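Presented below is the structure to which this report refers.
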Amino acid sequence: MKALCWTGVGELAVETVPDPALLNDQDAIVRVTASSVCGSDLHLINGYVPAMRAGDIIGHEFVGEIVEVGAAVRRHRPGDRVVVCSIVGCGRCWQCRGDNWSLCENSNPNPAYTETLYGHPTAGILGYSHAMGGFAGSHAEYVRVPFADHGAFPVPNRLSDEEAVFASDAVPTGWMGADQGGVKEGDVVAVWGAGGVGQMAARASYLLGAERVAVIDQVPERLKLAASHCGAATIDYSQTDVDAALREFTGGRGPDVCIEAVGMEAHGTGPQYAYDRAKQALRMQTDRSVALREAIHACRKGGTVSILGVFGGVLDKFPLGAAMNKGLTLRMGQQHGQRYIPMLLERMAANEIETGYLATHPMPLTEGPRGYQMFEEKTDGCLRAVFLPQR
Amino acid sequence: MRIRTAAWGAAAAGAVAGTAAVLCNRGDHRARGTGDGGAEHGRWHVITVGMPRSELLPGGVLPPPLDRLGDGVEIRTADAPGGRGTEIAVRGLALPGAGQSLRRILGTSTDQRIRRTLRQFKQLTETGEVLHMAGQPEGHHKPGGLLVAVGDRRATKEGLL
Ligand SMILES: NC(=O)c1ccc[n+]([C@@H]2O[C@H](COP(=O)([O-])OP(=O)(O)OC[C@H]3O[C@@H](n4cnc5c(N)ncnc54)[C@H](O)[C@@H]3O)[C@@H](O)[C@H]2O)c1
Ligand SMILES: [Zn+2]
Ligand SMILES: [Zn+2]
C-alpha cells in the first residue's frame, strides 16, 4: 500500500510499504478514507519530538471502514464506518477507567522512553514517534487499530468523511480545553491559536456557556474563520498588543479561562521570541512558549489556564510568579478523546459543532508532502490538509 | 523464589523500613539490600495491577508470566490503597555485579527481565494481551534510525520501574 513516511527532520515521502496485519486479538484493520494533518505532526516532522525513525508512517486523525477484526473484538465488524481516537487506550487500567485515556497504563509498548523522560510512561498515540509507542500512523491506505473496541467509534450517517475525521483529535482536544478549563455560563474565554484545535476550543467554550470568546492568531484567514464559524472576536497578535486588547475585552479583569492551542513552536514578535528561538535552535531548551507566557500574564486572578498545545521537554522563563501570586489553576494534557467522542459525534451530527470548514485542502495521499508544506506555511488559507488515500 | 506478603501500612514498622529501602534504591547497580539480614540483592521493582490479591494470586500461586522469573527473585505483594488492586514488588536475589552489567548491555540482566515481566503481567491481567509491534508496516530505514531501533528493543526492559 501507499503510506506517507517521515524520512528525516523536515522531510516526508510517499512510500510503498506492506499492508498492516492484525497483530493482536483486539486489533482492527481500518481502510482509511480520510486522514488529516495536525499541528502535532509539525512538531514531529521538525524534530522536536524524540524517537522518530526514518520510515515511520505518520498521521493520527482519521476515519475509515473496518475491513478486518481480531478474534476478541466485540463492538465492531467489517463494513462499519468508524472514526478512531488518536490516543490508544486499553479501557481497563485504572487511568482508563477514570476516563483519563491519554494516561493509559497499558497502551505504550515502549514505556521506557517517557518513563525516563517524564517519570511515568504515557499512553500510546497512533503515528506519533516511538516514544508514544511506535504505532504506524493513518496517512496510509490501511491502518492497524489496537484495542479497537475502545478506540473506534461508529460515525453517524449524516456526517461526511471530511466532517467526521476531526472527531479523532481536533474536536475532542478543543472540547477538553474548554472542559478542563472549567468554562461555565457567563465566562469570558481567550484562545491562543486559530488552528483546528483552537477553532474547536472556541466553539466548545460557547457550547459550555461562555458569553464572550476571543481567538488570537496572526493568520488572517484563520482569524476570519474563527469569527464566521465560531462567532469569536479576533485579535491579530502581529498587529495588536494582545494583553491590552484582552484587558479591553474583559473589562480589565482578564479572561476567566485562557486556552493555549499553539504549542512548542509558538511564534512571536518581541525579544522573548528571539531568545526562545535561539535557545531552541541550539537545543538549550526544547520548547518555545510565547503564547503560554502571554496566557498566564493575561489570565484573571484565580482563573484557569488550560494548555492544549503540546510541549515536549523543558522551557525557560516560565512565569511561575504570575501563576502563583494570581492563584491560577493550570490544567493540561494530551486529549482524553474516548471520554468525549460519542457525545461530540452526536453534537456534530446535530450541527452544533461544524467541522467541515476545517478541511480546506482535501487531496490524494500521494500529495502528502505538498499538503504538509501548505499546512505549515499556511499558503492558500490552508487550515488543514486532509488526505484521501482511496482516491 | 521467595514470595512474601507485606502490609505496607503505617502500622507495620518493619514494612515501613522496607518501603524506605525501596524509595532509596533508585538505579540498578547501586542498590545494596538492607533490612534483610544483610542478604545481597538488587532493588525492588514495583507495579500496581488492578485486581485484588485474592484473584490475582489464588492460593498464593504465581500466574504466568511471573512464574517464569524463576528462583533468582524475591516477590512481595500488598493491597494497593483505595481498592486499586495489588502492588507487586520483585527484586533479584543476587547482587548485580559485573556479570549483570554485561547482561544489561545484552538486554538479559535480572532487572531488565523483571521490568519486562512485570509490565507484561500487568497488561495480560488487565487487558488480556500484550501489544505486539513486530510486523507493522514501515518505510525505508536510514542508518540514523539505528539508535531508535536499539531504544525500542530495550524499551520494555528499561525505564524507572
Ligand atoms: N493536547 C492534545 O491532545 C493535542 C491534540 C492535538 C493537537 N495538539 C496541539 O495543539 C496545538 C495546536 O494544534 P493545531 O492542529 O491547531 O495546530 P496549527 O499549527 O494548525 O495551529 C497553531 C496556530 O497557532 C498560531 N500561533 C503561533 N504562535 C502564536 C502565538 N504566539 N499566539 C497565538 N497564536 C499563535 C499559528 O499561527 C497557528 O495558526 C499544537 O501544539 C498541537 O500539537 C494537542
Ligand atoms: Zn493531533
Ligand atoms: Zn488503559
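Labels for the C-alpha cells follow display order: chains A, B, ..., residues from 1 in each chain, ligands from 1.
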**Study point:** chain A contacts to chain B at 6 Å (only C-alpha atoms) as a list in words
**Key:** Val17, Pro18, Pro20, Leu23, Ala51, Arg53, Ala54, Gly55, Asp56, Asn106, Asn110, Pro111, Ala112, Glu115 and Thr116 of chain A
Practice item. Would you mind listing the residues within 12 Å of ligand 3, counting only C-alpha atoms and all ligand atoms, as a ChimeraX atom specification? Key: /A:87-108,121-124,146-147,150-151,336,338 /B:49-50,122-128
Exercise for review: Could you please extract the residues within 7 Å of ligand 1, counting only C-alpha atoms and all ligand atoms, and hand them back as a VMD selection string?
Suggested key: chain A and resid 38 to 41 43 169 to 170 173 192 to 198 216 to 219 222 237 261 to 268 290 to 291 308 to 310 333 to 335 376 383 to 384
Could the residues in this selection be written to a file with N, CA, C and O atoms, as a short mmCIF file (atom, residue, chain, number, x, y, z; two decimals), in the first residue's frame?
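File out18.cif, as written:
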```cif
data_model
loop_
_atom_site.label_atom_id
_atom_site.label_comp_id
_atom_site.auth_asym_id
_atom_site.auth_seq_id
_atom_site.Cartn_x
_atom_site.Cartn_y
_atom_site.Cartn_z
N CYS A 38 -2.25 17.46 11.50
CA CYS A 38 -2.50 18.08 12.81
C CYS A 38 -1.25 18.86 13.18
O CYS A 38 -0.14 18.51 12.79
N GLY A 39 -1.43 19.92 13.97
CA GLY A 39 -0.30 20.72 14.40
C GLY A 39 0.77 19.89 15.10
O GLY A 39 1.97 20.19 15.02
N SER A 40 0.36 18.82 15.77
CA SER A 40 1.34 17.98 16.46
C SER A 40 2.31 17.35 15.46
O SER A 40 3.48 17.14 15.79
N ASP A 41 1.82 17.04 14.26
CA ASP A 41 2.71 16.44 13.26
C ASP A 41 3.87 17.37 12.95
O ASP A 41 4.98 16.91 12.69
N HIS A 43 5.40 19.31 14.95
CA HIS A 43 6.44 19.15 15.98
C HIS A 43 7.26 17.88 15.72
O HIS A 43 8.47 17.87 15.91
N ASP A 169 -9.50 13.97 16.87
CA ASP A 169 -8.48 14.74 17.56
C ASP A 169 -8.87 16.20 17.78
O ASP A 169 -9.04 16.64 18.92
N ALA A 170 -9.05 16.96 16.69
CA ALA A 170 -9.26 18.40 16.86
C ALA A 170 -10.49 18.70 17.72
O ALA A 170 -10.44 19.55 18.61
N THR A 173 -10.02 17.43 21.41
CA THR A 173 -8.97 18.22 22.07
C THR A 173 -9.49 19.61 22.41
O THR A 173 -9.31 20.09 23.53
N TRP A 192 -5.61 31.02 22.43
CA TRP A 192 -4.43 31.31 21.63
C TRP A 192 -4.28 30.23 20.56
O TRP A 192 -4.24 29.03 20.89
N GLY A 193 -4.21 30.65 19.30
CA GLY A 193 -4.08 29.69 18.20
C GLY A 193 -5.41 29.49 17.52
O GLY A 193 -6.39 29.09 18.16
N ALA A 194 -5.48 29.79 16.22
CA ALA A 194 -6.71 29.60 15.44
C ALA A 194 -6.55 28.45 14.47
O ALA A 194 -7.14 28.44 13.39
N GLY A 195 -5.73 27.46 14.83
CA GLY A 195 -5.67 26.22 14.06
C GLY A 195 -6.92 25.40 14.34
O GLY A 195 -7.84 25.86 15.03
N GLY A 196 -6.95 24.19 13.83
CA GLY A 196 -8.12 23.33 14.03
C GLY A 196 -8.46 23.18 15.50
O GLY A 196 -9.64 23.21 15.90
N VAL A 197 -7.45 23.03 16.34
CA VAL A 197 -7.69 22.81 17.77
C VAL A 197 -8.27 24.07 18.41
O VAL A 197 -9.26 24.02 19.15
N GLY A 198 -7.66 25.23 18.12
CA GLY A 198 -8.14 26.48 18.69
C GLY A 198 -9.57 26.78 18.25
O GLY A 198 -10.41 27.23 19.05
N ILE A 216 -6.88 34.37 19.30
CA ILE A 216 -5.66 35.12 18.99
C ILE A 216 -4.80 34.34 18.00
O ILE A 216 -4.53 33.16 18.21
N ASP A 217 -4.41 34.99 16.93
CA ASP A 217 -3.51 34.37 15.94
C ASP A 217 -2.99 35.52 15.09
O ASP A 217 -3.29 36.68 15.34
N GLN A 218 -2.19 35.19 14.06
CA GLN A 218 -1.78 36.25 13.14
C GLN A 218 -2.14 35.92 11.70
O GLN A 218 -1.84 36.69 10.80
N VAL A 219 -2.75 34.74 11.50
CA VAL A 219 -3.08 34.33 10.13
C VAL A 219 -4.49 34.82 9.81
O VAL A 219 -5.47 34.36 10.40
N ARG A 222 -7.39 32.36 9.08
CA ARG A 222 -7.80 31.57 10.24
C ARG A 222 -8.64 32.41 11.21
O ARG A 222 -9.62 31.95 11.79
N TYR A 237 -2.15 39.06 16.73
CA TYR A 237 -1.05 39.42 17.63
C TYR A 237 0.10 40.11 16.92
O TYR A 237 0.96 40.70 17.56
N ALA A 261 -3.64 26.90 22.55
CA ALA A 261 -3.72 25.89 21.48
C ALA A 261 -2.67 26.20 20.43
O ALA A 261 -2.95 26.25 19.23
N VAL A 262 -1.46 26.42 20.89
CA VAL A 262 -0.35 26.78 20.00
C VAL A 262 0.78 25.75 20.09
O VAL A 262 1.19 25.17 19.10
N GLY A 263 1.29 25.57 21.30
CA GLY A 263 2.31 24.54 21.49
C GLY A 263 3.74 25.05 21.42
O GLY A 263 4.00 26.24 21.44
N MET A 264 4.64 24.10 21.28
CA MET A 264 6.05 24.37 21.50
C MET A 264 6.76 25.11 20.38
O MET A 264 7.93 25.43 20.50
N GLU A 265 6.03 25.38 19.29
CA GLU A 265 6.68 26.14 18.23
C GLU A 265 6.03 27.51 18.06
O GLU A 265 5.93 28.04 16.95
N ALA A 266 5.59 28.09 19.17
CA ALA A 266 4.90 29.38 19.11
C ALA A 266 5.75 30.43 18.42
O ALA A 266 6.97 30.46 18.57
N HIS A 267 5.09 31.27 17.67
CA HIS A 267 5.76 32.43 17.08
C HIS A 267 5.47 33.64 17.94
O HIS A 267 4.57 33.63 18.77
N GLY A 268 6.26 34.69 17.71
CA GLY A 268 6.02 35.89 18.48
C GLY A 268 6.66 37.08 17.81
O GLY A 268 7.18 36.97 16.70
N VAL A 290 5.89 31.51 23.75
CA VAL A 290 5.41 32.89 23.80
C VAL A 290 3.94 32.95 24.22
O VAL A 290 3.55 33.73 25.09
N ALA A 291 3.12 32.11 23.59
CA ALA A 291 1.68 32.17 23.83
C ALA A 291 1.35 31.77 25.26
O ALA A 291 0.49 32.37 25.91
N LEU A 308 -3.45 23.09 25.78
CA LEU A 308 -3.65 22.00 24.81
C LEU A 308 -2.44 21.84 23.92
O LEU A 308 -2.16 20.75 23.44
N GLY A 309 -1.75 22.94 23.65
CA GLY A 309 -0.56 22.89 22.80
C GLY A 309 0.42 21.90 23.40
O GLY A 309 0.55 21.80 24.62
N VAL A 310 1.07 21.16 22.52
CA VAL A 310 1.96 20.11 23.01
C VAL A 310 3.34 20.68 23.32
O VAL A 310 3.91 21.42 22.53
N GLY A 333 -2.88 18.54 29.19
CA GLY A 333 -2.83 17.10 28.91
C GLY A 333 -3.04 16.80 27.45
O GLY A 333 -3.58 17.62 26.70
N GLN A 334 -2.58 15.62 27.06
CA GLN A 334 -3.00 15.10 25.77
C GLN A 334 -4.48 14.75 25.93
O GLN A 334 -4.94 14.40 27.01
N GLN A 335 -5.20 14.84 24.84
CA GLN A 335 -6.65 14.68 24.90
C GLN A 335 -7.08 13.30 25.44
O GLN A 335 -6.50 12.28 25.10
N GLU A 376 1.97 23.88 6.94
CA GLU A 376 2.96 24.57 7.78
C GLU A 376 3.10 26.03 7.39
O GLU A 376 3.17 26.92 8.23
N LEU A 383 -5.94 25.48 6.36
CA LEU A 383 -6.16 25.29 7.79
C LEU A 383 -5.84 23.84 8.15
O LEU A 383 -5.20 23.56 9.15
N ARG A 384 -6.31 22.91 7.33
CA ARG A 384 -5.93 21.52 7.46
C ARG A 384 -5.98 20.87 6.08
O ARG A 384 -6.97 21.00 5.38
#
```
Study note, to complete from the structure: Taken to one decimal, the CA of Phe153 (chain A)-CA of Val83 (chain A) distance is 5.4 Å
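Take CA of Asn157 (chain A) and CA of Pro342 (chain A): the distance between them is 13.7 Å.
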Quick one: everything within 9 Å of Ala13 (chain A), counting only C-alpha atoms, minus sequence neighbours fewer than 2 positions away in the same chain. Send it as a CSV table (one decimal) with N, CA and C atoms, in the first residue's frame.
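Saved as part-v1.csv:
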```csv
chain,number,residue,atom,x,y,z
A,3,ALA,N,1.9,4.9,1.7
A,3,ALA,CA,1.9,5.5,3.0
A,3,ALA,C,2.8,6.7,3.0
A,4,LEU,N,2.4,7.7,3.8
A,4,LEU,CA,3.3,8.9,4.0
A,4,LEU,C,4.2,8.7,5.1
A,5,CYS,N,5.5,8.7,4.8
A,5,CYS,CA,6.5,8.4,5.9
A,5,CYS,C,7.4,9.6,6.2
A,6,TRP,N,7.8,9.7,7.4
A,6,TRP,CA,8.8,10.6,7.9
A,6,TRP,C,10.1,10.1,7.4
A,7,THR,N,10.9,10.9,6.8
A,7,THR,CA,12.2,10.3,6.3
A,7,THR,C,13.4,11.1,6.9
A,11,GLU,N,11.5,16.3,6.4
A,11,GLU,CA,11.3,15.5,5.2
A,11,GLU,C,10.3,14.5,5.3
A,15,GLU,N,5.8,6.4,0.3
A,15,GLU,CA,6.5,5.2,0.0
A,15,GLU,C,5.5,4.0,-0.2
A,55,GLY,N,11.2,6.2,8.0
A,55,GLY,CA,10.3,5.1,7.6
A,55,GLY,C,9.0,5.1,8.4
A,366,THR,N,-1.0,10.8,-2.2
A,366,THR,CA,0.2,10.9,-2.9
A,366,THR,C,0.8,12.4,-2.9
A,368,GLY,N,0.9,14.1,-0.1
A,368,GLY,CA,1.1,14.3,1.3
A,368,GLY,C,2.2,15.4,1.6
A,369,PRO,N,3.4,15.2,1.0
A,369,PRO,CA,4.4,16.2,1.3
A,369,PRO,C,4.0,17.6,1.0
```
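Neighbouring residues of Phe375 (chain A) at 8 Å or closer, counting only C-alpha atoms and skipping chain neighbours under 4 positions away, are Val37, Gly371, Thr379, Cys382, Leu383, Arg384 and Ala385 of chain A.
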Point to revise | Selection near region 65-75 of chain A, 12 Å with only C-alpha atoms, sequence-local residues under 6 positions removed, as a PyMOL selection string | key: (chain A and resi 20-34+81-84+141-155+161+390) or (chain B and resi 127-129)
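Those residues in region 85-131 of chain B carrying a DSSP assignment of alpha helix (DSSP H), computed from the backbone, are Ala98, Gly99, Gln100, Ser101, Leu102, Arg103, Arg104, Ile105, Leu106, Thr110, Asp111, Gln112, Arg113, Ile114, Arg115, Arg116, Thr117, Leu118, Arg119, Gln120, Phe121, Lys122, Gln123, Leu124, Thr125, Glu126 and Thr127 of chain B.
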